[in-house]
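Enquirer: Here it is: the structure, laid out below.
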Amino acid sequence: AAQAMPATKAFIQGRYRKLRRGVPQSPWFAKSAAPGASGKRQRLGFSSVEELICEPLRRQLGAKSGAFPAPSKRKLRENPAQGRASGRLHGSGREDMDVRMLGNGRPFVLEFEVPEDAEVDLEGVDFEELGRRVKEDSNGAVEVLQLRRASAEDFAGLQSLAERKLKSYAGVCWLSEAVTREKLREVEEHCAGGFELRQKTPIRVLQRRSNLERPKRVCSLRFELLNPHWVIVHMKTEAGTYIKEFVHGDMGRTEPSLGDLLDCRADIVQLDVTEIIDNPEEDQT
């Protein structure tokens with residue numbers, strides 16, 4: 001077998017906005033539940049943010065450059081997850097596949113390998129054109145902002161800064177009991193100044209994450225009444241807060257929940273990240 005050429009890592013950073021639901025941050029494969037599938041993996045979601053950014057970059061750099069080495073067909077058969085277009089996207093946190101990322105976008109660093117003998121000049125990358133291609137190729141599902149070259153230090157600092165951020169959300173929620181504007185104002189006043197949650201690892205991710213209890217802070221809570229059983233909840237929280245579980249309580253694993261605050265059952269049908277606040281100490285909203 002031919003020996004792989006030594007490669008060096010290169011980095012590009014920016015922010016992405018995800019304007020369509022059903023798009024995971026990175027390629028997502030899961031075991032198929034179809035009869036006779038016998039452990040086969042199936043793809044979930046529409047493409048991924050990673051691929052929708054990487055593929056236009058690969059075309060701009062030129063396939064002949066050797067950047068983003070493509071996996072062999074054998075490796076793809078063994079592990080379909082290696083079929084990602086190229087490179088690897090590291091986000092400062094991640095939203096669920098069915099959640100939009102709006103506002104100022106989520107910071108990310110794109111890491112990729114370039115063979116040492118390849119002629120790849122990142123100085124020549126037209127980031128403005130790359131942004132146009134990402135938006136066009138994704139049919140408006142993904143936009144990229146503030147693209148620029150990055151360093152290994154930028155990559156290393158991405159996750160260390162993630163937990164310091166605040167995030168704002170808007171969620172469409174159903175309530176089992178009719179509520180009035182007066183009731184919602186009472187809860188808003190009760191929660192003024194923020195409050196702390198006790199969150200255990202959600203049931204939906206227990207198969208891949210440790211069962212821990214973590215304190216998380218809700219900094220603000222505001223309601224928009226649609227009708228007596230439906231509200232839009234606007235909230236600002238510490239990074240890492242599980243918003244869906246805050247709404248429905250996750251069978252008592254998040255306390256207090258929105259349902260607890262409103263004395264009813266609550267569920268969430270749509271969720272958007274509306275802003276990521278990079279410097280909480282400067283936040284005046």
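Labeling convention for the structure tokens: chains A, B, ... as they appear, residues from 1 per chain, ligands from 1 in order of appearance.
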Could you build a table of the residues in region 206-283 of chain A lying no more than 7 Å from region 154-170 of chain A, giving for each the nearest pair of atoms and their separation in Å rounded to one decimal place, using only C-alpha atoms, ordered by chain and ascending residue number, as CSV?

Expert:
residue,atom,partner,partner_atom,distance
A:Ile232,CA,A:Ala170,CA,6.5
A:Val233,CA,A:Ala170,CA,5.6
A:His234,CA,A:Ala170,CA,4.6
A:Met235,CA,A:Tyr169,CA,5.4
A:Lys236,CA,A:Ser168,CA,4.3
A:Thr237,CA,A:Lys167,CA,5.5
A:Glu238,CA,A:Leu166,CA,4.8
A:Ala239,CA,A:Leu166,CA,5.4
A:Gly240,CA,A:Glu163,CA,7.0
A:Leu271,CA,A:Ala170,CA,5.9
A:Asp272,CA,A:Ala170,CA,5.3
A:Val273,CA,A:Tyr169,CA,4.5
A:Thr274,CA,A:Tyr169,CA,5.2
A:Glu275,CA,A:Ser168,CA,5.1
A:Ile276,CA,A:Lys167,CA,4.6
A:Ile277,CA,A:Leu166,CA,5.0
A:Asp278,CA,A:Lys165,CA,5.1
A:Asn279,CA,A:Lys165,CA,6.5
A:Pro280,CA,A:Leu166,CA,6.1

Enquirer: Pick from A:Gly45, A:Pro215, A:Gly22, A:Gly249: nearest to Glu196 (chain A), with only C-alpha atoms counted?

Expert: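 The shortest atom-to-atom distance to Glu196 (chain A) comes from A:Pro215.
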
Enquirer: Any idea what the distance is between CA of Arg88 (chain A) and CA of Lys216 (chain A)?

Expert: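 Between CA of Arg88 (chain A) and CA of Lys216 (chain A) the gap works out to 29.3 Å.
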
Enquirer: With only C-alpha atoms as the basis for distance, which of A:Glu182, A:Glu245, A:Glu282, A:Glu95 is at the shortest distance from Ser257 (chain A)?

Expert: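 Using only C-alpha atoms, Ser257 (chain A) sits closest to A:Glu245.
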
Enquirer: Using only C-alpha atoms, which of A:Glu189, A:Glu143, A:Glu113, A:Asp263 sits nearest Lys18 (chain A)?

Expert: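 Residue with the minimum atom-to-atom distance to Lys18 (chain A): A:Glu143.
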
Enquirer: Go through A:Glu111, A:Asp137, A:Asp96, A:Glu177 and flag the residue nearest Gln270 (chain A), using only C-alpha atoms for the distances.

Expert: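 Smallest distance to Gln270 (chain A) is found for A:Asp96.
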
Enquirer: Using CA of Leu44 (chain A) and CA of Trp28 (chain A) as the two end points, give the distance in Å to one decimal.

Expert: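 One can read the CA of Leu44 (chain A) to CA of Trp28 (chain A) distance as 5.6 Å.
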
Enquirer: Once DSSP has gone over the backbone, tell me which residues of region 116-284 of chain A are in strand (DSSP E), as a VMD selection string.

Expert: chain A and resid 142 to 150 166 to 175 195 to 200 213 to 227 230 to 238 254 to 255 266 to 277

Enquirer: Give me the residues near Gly193 (chain A) as a list in words, where near means some atom within 10 Å (using only C-alpha atoms) and where sequence neighbours in that chain fewer than 3 positions away do not count.

Expert: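 The residues satisfying every condition are Glu188, Glu189, His190, Val218, Cys219, Ser220 and Leu221 of chain A.
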
Enquirer: How many Å lie between CA of Tyr242 (chain A) and CA of Leu102 (chain A), rounded to one decimal?

Expert: 17.6 Å

Enquirer: So which residues touch His90 (chain A) within 8 Å, counting only C-alpha atoms, skipping near sequence neighbours fewer than 6 positions away, as a ChimeraX atom specification?

Expert: /A:108-111

Enquirer: Atoms to include: all heavy atoms. Write the selected residues as a CSV table (one decimal), in the first residue's frame.

Expert:
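Once written, again-v5.csv looks like this:
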chain,number,residue,atom,x,y,z
A,108,PHE,N,-17.0,29.2,15.1
A,108,PHE,CA,-16.5,27.9,14.7
A,108,PHE,C,-15.1,28.0,14.2
A,108,PHE,O,-14.6,29.1,13.8
A,108,PHE,CB,-17.4,27.2,13.6
A,108,PHE,CG,-17.3,27.8,12.3
A,108,PHE,CD1,-16.3,27.4,11.4
A,108,PHE,CD2,-18.1,28.8,11.9
A,108,PHE,CE1,-16.2,27.9,10.1
A,108,PHE,CE2,-18.1,29.4,10.6
A,108,PHE,CZ,-17.1,28.9,9.7
A,109,VAL,N,-14.4,26.9,14.3
A,109,VAL,CA,-13.1,26.8,13.6
A,109,VAL,C,-13.1,25.6,12.7
A,109,VAL,O,-13.5,24.5,13.2
A,109,VAL,CB,-11.9,26.7,14.7
A,109,VAL,CG1,-10.6,26.3,13.9
A,109,VAL,CG2,-11.7,28.0,15.4
A,110,LEU,N,-12.7,25.7,11.5
A,110,LEU,CA,-12.6,24.6,10.5
A,110,LEU,C,-11.2,24.2,10.5
A,110,LEU,O,-10.3,24.9,10.2
A,110,LEU,CB,-13.1,25.1,9.1
A,110,LEU,CG,-13.0,24.1,8.0
A,110,LEU,CD1,-13.9,22.9,8.3
A,110,LEU,CD2,-13.4,24.7,6.7
A,111,GLU,N,-11.0,22.9,10.8
A,111,GLU,CA,-9.7,22.3,10.8
A,111,GLU,C,-9.6,21.3,9.6
A,111,GLU,O,-10.5,20.5,9.3
A,111,GLU,CB,-9.5,21.5,12.1
A,111,GLU,CG,-8.2,20.6,12.1
A,111,GLU,CD,-8.2,19.7,13.3
A,111,GLU,OE1,-9.3,19.5,14.0
A,111,GLU,OE2,-7.2,19.0,13.5
